[in-house]
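Engineer: Could you have a look at this structure, given as structure tokens, before my questions?
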Amino acid sequence: MRLQLFLTAALLIAAASRADAVEFYQSEPIRPLTNLADVTLEPHEALVVVGYAIRNADVASWNEEYPVHLGWMPFDDKTGLRIGKVMLTATERCARSVSIACDKVQYRVYRVPAGNYALAWAFNSKRLTSYAEMARGSLEFHIHSGEIRNVNFPGPARVRLGLPAFRVNAGEVLYVGDLTLSFQNQLPHPGWLGTRDDAAVLAMMKASPYADRLAVRSGTYIGR
């Protein structure tokens, strides 16, 4: 029998009101882009730049990694309820100084449907914790690469006010700020700090065909 090289982490926390939304599966994560030179946007899409900094993450022995996984969910800004069927994800590795994010800031670029997105969950050291109000869910990640294989949060979910979120409009190329997560104290969830470095992102995006469209607008979102 073929060995499945992934782990599954389960989450069970206080559920959002099940009468407020129709249940659906939210999987097939949108991962950061790896080649900005070949990016093309559909009319309903946008590019989003997010900076990640990871602090105090648990790491394993010298030959192992405890990656940090992050997930953002789309939501309705009137109700705060999750909508759509996509989730943005990121994987940052802190063992053996693999990731810039565990020392400085790692900038990730996403091609996403226009809309509102809120930080929904974070995973480190076999622990999946939630920023949003959501019911049971799970994620699968590859043992060797550490990359997320799939995410599955089938029930309704609601954002928590005051926690990391951003909005992007169709056709925008938007830098929303930097998100620093500290795992030193994870109760009720890993602490966070929003900052920004516009000059660093402007320099990074010079390799993109959309460099002249980059906006650094901020509002009631991270990095304001």
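Every chain in the structure tokens takes a letter, A first, then B, and so on in the order presented; its residues are numbered from 1, and the ligands are numbered from 1 following the presented order.
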Each residue of range 96-182 of chain A with at least one atom at most 12 Å from range 27-48 of chain A should appear once, together with its nearest atom pair and the corresponding distance in Å (one decimal); atoms considered: only C-alpha atoms; ordering: chain, then increasing residue number; output as JSON lines.

Structural biologist:
{"residue": "A:Gln106", "atom": "CA", "partner": "A:Pro32", "partner_atom": "CA", "distance": 11.3}
{"residue": "A:Tyr107", "atom": "CA", "partner": "A:Pro32", "partner_atom": "CA", "distance": 9.4}
{"residue": "A:Arg108", "atom": "CA", "partner": "A:Pro32", "partner_atom": "CA", "distance": 5.6}
{"residue": "A:Val109", "atom": "CA", "partner": "A:Pro32", "partner_atom": "CA", "distance": 5.3}
{"residue": "A:Tyr110", "atom": "CA", "partner": "A:Pro32", "partner_atom": "CA", "distance": 4.8}
{"residue": "A:Arg111", "atom": "CA", "partner": "A:Leu47", "partner_atom": "CA", "distance": 4.7}
{"residue": "A:Val112", "atom": "CA", "partner": "A:Glu45", "partner_atom": "CA", "distance": 5.4}
{"residue": "A:Pro113", "atom": "CA", "partner": "A:Glu45", "partner_atom": "CA", "distance": 4.4}
{"residue": "A:Ala114", "atom": "CA", "partner": "A:Glu45", "partner_atom": "CA", "distance": 5.3}
{"residue": "A:Gly115", "atom": "CA", "partner": "A:Glu45", "partner_atom": "CA", "distance": 9.1}
{"residue": "A:Asn116", "atom": "CA", "partner": "A:Val48", "partner_atom": "CA", "distance": 11.4}
{"residue": "A:Tyr117", "atom": "CA", "partner": "A:Val48", "partner_atom": "CA", "distance": 10.7}
{"residue": "A:Gly137", "atom": "CA", "partner": "A:Ser27", "partner_atom": "CA", "distance": 10.3}
{"residue": "A:Ser138", "atom": "CA", "partner": "A:Ser27", "partner_atom": "CA", "distance": 9.8}
{"residue": "A:Leu139", "atom": "CA", "partner": "A:Ser27", "partner_atom": "CA", "distance": 9.0}
{"residue": "A:Glu140", "atom": "CA", "partner": "A:Ser27", "partner_atom": "CA", "distance": 10.5}
{"residue": "A:Phe141", "atom": "CA", "partner": "A:Pro29", "partner_atom": "CA", "distance": 11.5}
{"residue": "A:Glu147", "atom": "CA", "partner": "A:Arg31", "partner_atom": "CA", "distance": 9.6}
{"residue": "A:Ile148", "atom": "CA", "partner": "A:Pro29", "partner_atom": "CA", "distance": 8.1}
{"residue": "A:Arg149", "atom": "CA", "partner": "A:Pro29", "partner_atom": "CA", "distance": 8.2}
{"residue": "A:Asn150", "atom": "CA", "partner": "A:Glu28", "partner_atom": "CA", "distance": 5.8}
{"residue": "A:Val151", "atom": "CA", "partner": "A:Ser27", "partner_atom": "CA", "distance": 4.8}
{"residue": "A:Asn152", "atom": "CA", "partner": "A:Ser27", "partner_atom": "CA", "distance": 5.0}
{"residue": "A:Phe153", "atom": "CA", "partner": "A:Ser27", "partner_atom": "CA", "distance": 7.2}
{"residue": "A:Pro154", "atom": "CA", "partner": "A:Ser27", "partner_atom": "CA", "distance": 8.6}
{"residue": "A:Gly155", "atom": "CA", "partner": "A:Ser27", "partner_atom": "CA", "distance": 11.8}
{"residue": "A:Phe166", "atom": "CA", "partner": "A:Val48", "partner_atom": "CA", "distance": 9.5}
{"residue": "A:Arg167", "atom": "CA", "partner": "A:Val48", "partner_atom": "CA", "distance": 9.4}
{"residue": "A:Val168", "atom": "CA", "partner": "A:Ala46", "partner_atom": "CA", "distance": 6.9}
{"residue": "A:Asn169", "atom": "CA", "partner": "A:Ala46", "partner_atom": "CA", "distance": 6.7}
{"residue": "A:Ala170", "atom": "CA", "partner": "A:His44", "partner_atom": "CA", "distance": 5.1}
{"residue": "A:Gly171", "atom": "CA", "partner": "A:Ala46", "partner_atom": "CA", "distance": 4.9}
{"residue": "A:Glu172", "atom": "CA", "partner": "A:Ala46", "partner_atom": "CA", "distance": 5.0}
{"residue": "A:Val173", "atom": "CA", "partner": "A:Leu47", "partner_atom": "CA", "distance": 4.6}
{"residue": "A:Leu174", "atom": "CA", "partner": "A:Val48", "partner_atom": "CA", "distance": 4.9}
{"residue": "A:Tyr175", "atom": "CA", "partner": "A:Val48", "partner_atom": "CA", "distance": 5.8}
{"residue": "A:Val176", "atom": "CA", "partner": "A:Val48", "partner_atom": "CA", "distance": 7.1}
{"residue": "A:Gly177", "atom": "CA", "partner": "A:Val48", "partner_atom": "CA", "distance": 9.8}
{"residue": "A:Asp178", "atom": "CA", "partner": "A:Val48", "partner_atom": "CA", "distance": 11.7}

Engineer: Identify all residues of range 123-223 of chain A in strand (DSSP E) (DSSP on the backbone) and supply them as number ranges by chain.

Structural biologist: A: 123-124, 127-130, 133-134, 137-142, 148-152, 157-158, 165-168, 173-182, 191-195, 214-215

Engineer: Can I get the selection written as a short mmCIF file (atom, residue, chain, number, x, y, z; two decimals), in the first residue's frame, with N, CA and C atoms?

Structural biologist:
data_model
loop_
_atom_site.label_atom_id
_atom_site.label_comp_id
_atom_site.auth_asym_id
_atom_site.auth_seq_id
_atom_site.Cartn_x
_atom_site.Cartn_y
_atom_site.Cartn_z
N PHE A 123 -0.46 27.31 12.62
CA PHE A 123 -0.07 25.97 13.08
C PHE A 123 1.44 25.95 13.34
N ASN A 124 1.80 25.44 14.52
CA ASN A 124 3.22 25.26 14.84
C ASN A 124 3.33 24.19 15.91
N ARG A 127 0.38 22.01 16.83
CA ARG A 127 -0.73 22.72 17.45
C ARG A 127 -1.38 23.66 16.44
N LEU A 128 -2.67 23.50 16.25
CA LEU A 128 -3.43 24.33 15.34
C LEU A 128 -4.33 25.24 16.16
N THR A 129 -4.11 26.53 16.07
CA THR A 129 -4.91 27.48 16.85
C THR A 129 -5.63 28.44 15.90
N SER A 130 -6.68 29.05 16.41
CA SER A 130 -7.55 29.83 15.55
C SER A 130 -7.55 31.30 15.90
N GLU A 133 -13.50 32.70 14.52
CA GLU A 133 -14.45 31.82 15.18
C GLU A 133 -14.88 30.76 14.17
N MET A 134 -14.43 29.54 14.36
CA MET A 134 -14.76 28.48 13.41
C MET A 134 -14.91 27.15 14.14
N GLY A 137 -11.98 21.63 11.90
CA GLY A 137 -11.27 21.72 10.63
C GLY A 137 -9.99 20.92 10.69
N SER A 138 -9.31 20.83 9.57
CA SER A 138 -8.06 20.09 9.53
C SER A 138 -7.18 20.61 8.42
N LEU A 139 -5.88 20.33 8.52
CA LEU A 139 -4.97 20.61 7.43
C LEU A 139 -4.05 19.43 7.26
N GLU A 140 -3.58 19.24 6.03
CA GLU A 140 -2.64 18.16 5.72
C GLU A 140 -1.38 18.79 5.14
N PHE A 141 -0.22 18.31 5.58
CA PHE A 141 1.03 18.83 5.04
C PHE A 141 2.02 17.69 4.82
N HIS A 142 2.87 17.87 3.83
CA HIS A 142 3.83 16.87 3.42
C HIS A 142 4.92 16.74 4.47
N ILE A 148 1.93 22.76 2.88
CA ILE A 148 0.54 22.37 3.07
C ILE A 148 0.03 21.63 1.84
N ARG A 149 -0.61 20.52 2.06
CA ARG A 149 -1.16 19.71 0.98
C ARG A 149 -2.63 20.04 0.74
N ASN A 150 -3.36 20.29 1.82
CA ASN A 150 -4.76 20.61 1.70
C ASN A 150 -5.25 21.22 3.01
N VAL A 151 -6.27 22.05 2.94
CA VAL A 151 -6.93 22.57 4.14
C VAL A 151 -8.42 22.29 4.03
N ASN A 152 -9.07 22.05 5.15
CA ASN A 152 -10.46 21.65 5.12
C ASN A 152 -11.17 22.19 6.36
N ALA A 157 -17.70 30.19 9.57
CA ALA A 157 -16.67 30.83 10.37
C ALA A 157 -16.91 32.33 10.35
N ARG A 158 -16.45 33.00 11.40
CA ARG A 158 -16.63 34.44 11.51
C ARG A 158 -15.32 35.08 11.97
N ALA A 165 -6.43 41.50 9.07
CA ALA A 165 -7.30 41.37 7.91
C ALA A 165 -6.88 42.40 6.87
N PHE A 166 -7.33 42.23 5.63
CA PHE A 166 -7.08 43.22 4.59
C PHE A 166 -8.14 43.12 3.51
N ARG A 167 -8.25 44.18 2.71
CA ARG A 167 -9.17 44.23 1.57
C ARG A 167 -8.38 44.57 0.33
N VAL A 168 -8.71 43.91 -0.79
CA VAL A 168 -8.07 44.22 -2.06
C VAL A 168 -9.14 44.25 -3.15
N VAL A 173 -2.70 45.95 -7.30
CA VAL A 173 -1.45 45.31 -6.89
C VAL A 173 -1.11 45.99 -5.57
N LEU A 174 -1.39 45.32 -4.47
CA LEU A 174 -1.47 45.98 -3.17
C LEU A 174 -0.54 45.36 -2.14
N TYR A 175 0.24 46.19 -1.49
CA TYR A 175 1.02 45.78 -0.32
C TYR A 175 0.21 46.14 0.91
N VAL A 176 -0.14 45.12 1.73
CA VAL A 176 -1.02 45.35 2.87
C VAL A 176 -0.29 45.47 4.20
N GLY A 177 1.03 45.25 4.20
CA GLY A 177 1.78 45.38 5.44
C GLY A 177 2.45 44.09 5.85
N ASP A 178 3.14 44.14 6.98
CA ASP A 178 3.88 43.00 7.50
C ASP A 178 3.19 42.46 8.75
N LEU A 179 3.14 41.15 8.84
CA LEU A 179 2.52 40.48 9.98
C LEU A 179 3.58 39.72 10.76
N THR A 180 3.80 40.11 12.01
CA THR A 180 4.73 39.40 12.89
C THR A 180 3.93 38.55 13.86
N LEU A 181 4.18 37.23 13.84
CA LEU A 181 3.53 36.31 14.77
C LEU A 181 4.55 35.83 15.79
N SER A 182 4.23 35.94 17.06
CA SER A 182 5.09 35.44 18.13
C SER A 182 4.39 34.28 18.82
N GLY A 191 0.41 35.80 19.54
CA GLY A 191 0.36 37.24 19.47
C GLY A 191 0.80 37.75 18.11
N TRP A 192 0.37 38.95 17.74
CA TRP A 192 0.70 39.48 16.43
C TRP A 192 0.96 40.97 16.52
N LEU A 193 1.69 41.45 15.53
CA LEU A 193 2.02 42.86 15.41
C LEU A 193 2.01 43.24 13.94
N GLY A 194 1.38 44.35 13.59
CA GLY A 194 1.34 44.81 12.21
C GLY A 194 2.28 45.98 12.00
N THR A 195 3.19 45.88 11.02
CA THR A 195 4.11 46.95 10.66
C THR A 195 4.14 47.04 9.14
N LEU A 214 1.89 49.07 -8.28
CA LEU A 214 1.92 48.73 -6.86
C LEU A 214 1.40 49.88 -6.01
N ALA A 215 0.42 49.59 -5.17
CA ALA A 215 -0.12 50.56 -4.23
C ALA A 215 0.23 50.13 -2.81
#

Engineer: Near Gly80 in chain A, within 8 Å and counting only C-alpha atoms, which residues show up once chain neighbours fewer than 5 positions away are dropped, as a list in words?

Structural biologist: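 Near neighbours after the sequence-gap exclusion: Phe75, Arg158, Val159 and Arg160 of chain A.
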
Engineer: Once DSSP has gone over the backbone, tell me which residues of range 23-163 of chain A are in helix (DSSP H, G or I), as JSON, numbers by chain.

Structural biologist: {"A": [36, 37, 38, 95, 96, 97, 100, 101, 102]}

Engineer: Hey, can you spit out that residue selection with N, CA and C atoms as a PDB file, in the first residue's frame?

Structural biologist:
ATOM      1  N   LEU A  36       7.298  35.967 -10.320  1.00  0.00           N
ATOM      2  CA  LEU A  36       6.531  37.180 -10.579  1.00  0.00           C
ATOM      3  C   LEU A  36       6.588  37.624 -12.032  1.00  0.00           C
ATOM      4  N   ALA A  37       7.606  37.192 -12.763  1.00  0.00           N
ATOM      5  CA  ALA A  37       7.789  37.660 -14.137  1.00  0.00           C
ATOM      6  C   ALA A  37       6.682  37.194 -15.063  1.00  0.00           C
ATOM      7  N   ASP A  38       6.052  36.054 -14.754  1.00  0.00           N
ATOM      8  CA  ASP A  38       5.051  35.475 -15.650  1.00  0.00           C
ATOM      9  C   ASP A  38       3.621  35.625 -15.131  1.00  0.00           C
ATOM     10  N   ALA A  95      13.516  26.131  11.627  1.00  0.00           N
ATOM     11  CA  ALA A  95      14.669  25.304  11.960  1.00  0.00           C
ATOM     12  C   ALA A  95      15.793  25.513  10.956  1.00  0.00           C
ATOM     13  N   ARG A  96      17.033  25.508  11.421  1.00  0.00           N
ATOM     14  CA  ARG A  96      18.225  25.613  10.573  1.00  0.00           C
ATOM     15  C   ARG A  96      18.249  26.902   9.747  1.00  0.00           C
ATOM     16  N   SER A  97      17.558  27.929  10.214  1.00  0.00           N
ATOM     17  CA  SER A  97      17.550  29.238   9.534  1.00  0.00           C
ATOM     18  C   SER A  97      17.156  29.117   8.067  1.00  0.00           C
ATOM     19  N   ILE A 100      13.785  33.341   5.754  1.00  0.00           N
ATOM     20  CA  ILE A 100      14.083  34.719   6.116  1.00  0.00           C
ATOM     21  C   ILE A 100      13.107  35.209   7.177  1.00  0.00           C
ATOM     22  N   ALA A 101      11.878  34.702   7.142  1.00  0.00           N
ATOM     23  CA  ALA A 101      10.837  35.176   8.053  1.00  0.00           C
ATOM     24  C   ALA A 101      11.180  34.934   9.515  1.00  0.00           C
ATOM     25  N   CYS A 102      12.037  33.966   9.791  1.00  0.00           N
ATOM     26  CA  CYS A 102      12.378  33.656  11.180  1.00  0.00           C
ATOM     27  C   CYS A 102      13.540  34.508  11.678  1.00  0.00           C
TER      28      CYS A 102
END

Engineer: What is the CA of Met205 in chain A-CA of Leu163 in chain A distance in Å, reported with one decimal?

Structural biologist: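 If I compute the distance from CA of Met205 in chain A to CA of Leu163 in chain A, I get 26.8 Å.
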
Engineer: Can you work out the spacing between CA of Leu119 in chain A and CA of Pro164 in chain A in Å, to one decimal?

Structural biologist: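 Separating CA of Leu119 in chain A from CA of Pro164 in chain A is a distance of 5.6 Å.
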
Engineer: In terms of the shortest atom-to-atom distance over only C-alpha atoms, which of A:Gly84, A:Lys104, A:Lys206, A:Ser99 is closest to Ala53 in chain A?

Structural biologist: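 Checking each candidate against Ala53 in chain A, we get A:Lys104 as the closest.
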
Engineer: How many Å separate CA of Ala118 in chain A from CA of Phe183 in chain A?

Structural biologist: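 CA of Phe183 in chain A lies 18.8 Å from CA of Ala118 in chain A.
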
Engineer: Quick one: of A:Val50, A:Ala203, A:Ala211, A:Leu70, who's nearest to Glu92 in chain A, counting only C-alpha atoms?

Structural biologist: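 The answer is A:Leu70, which sits nearest to Glu92 in chain A.
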
Engineer: Select, from A:Pro156, A:Trp121, A:Leu161, A:Gln184, the residue with the minimum atom-to-atom distance to Thr89 in chain A, counting only C-alpha atoms.

Structural biologist: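 When distances to Thr89 in chain A are compared using only C-alpha atoms, the smallest one comes from A:Trp121.
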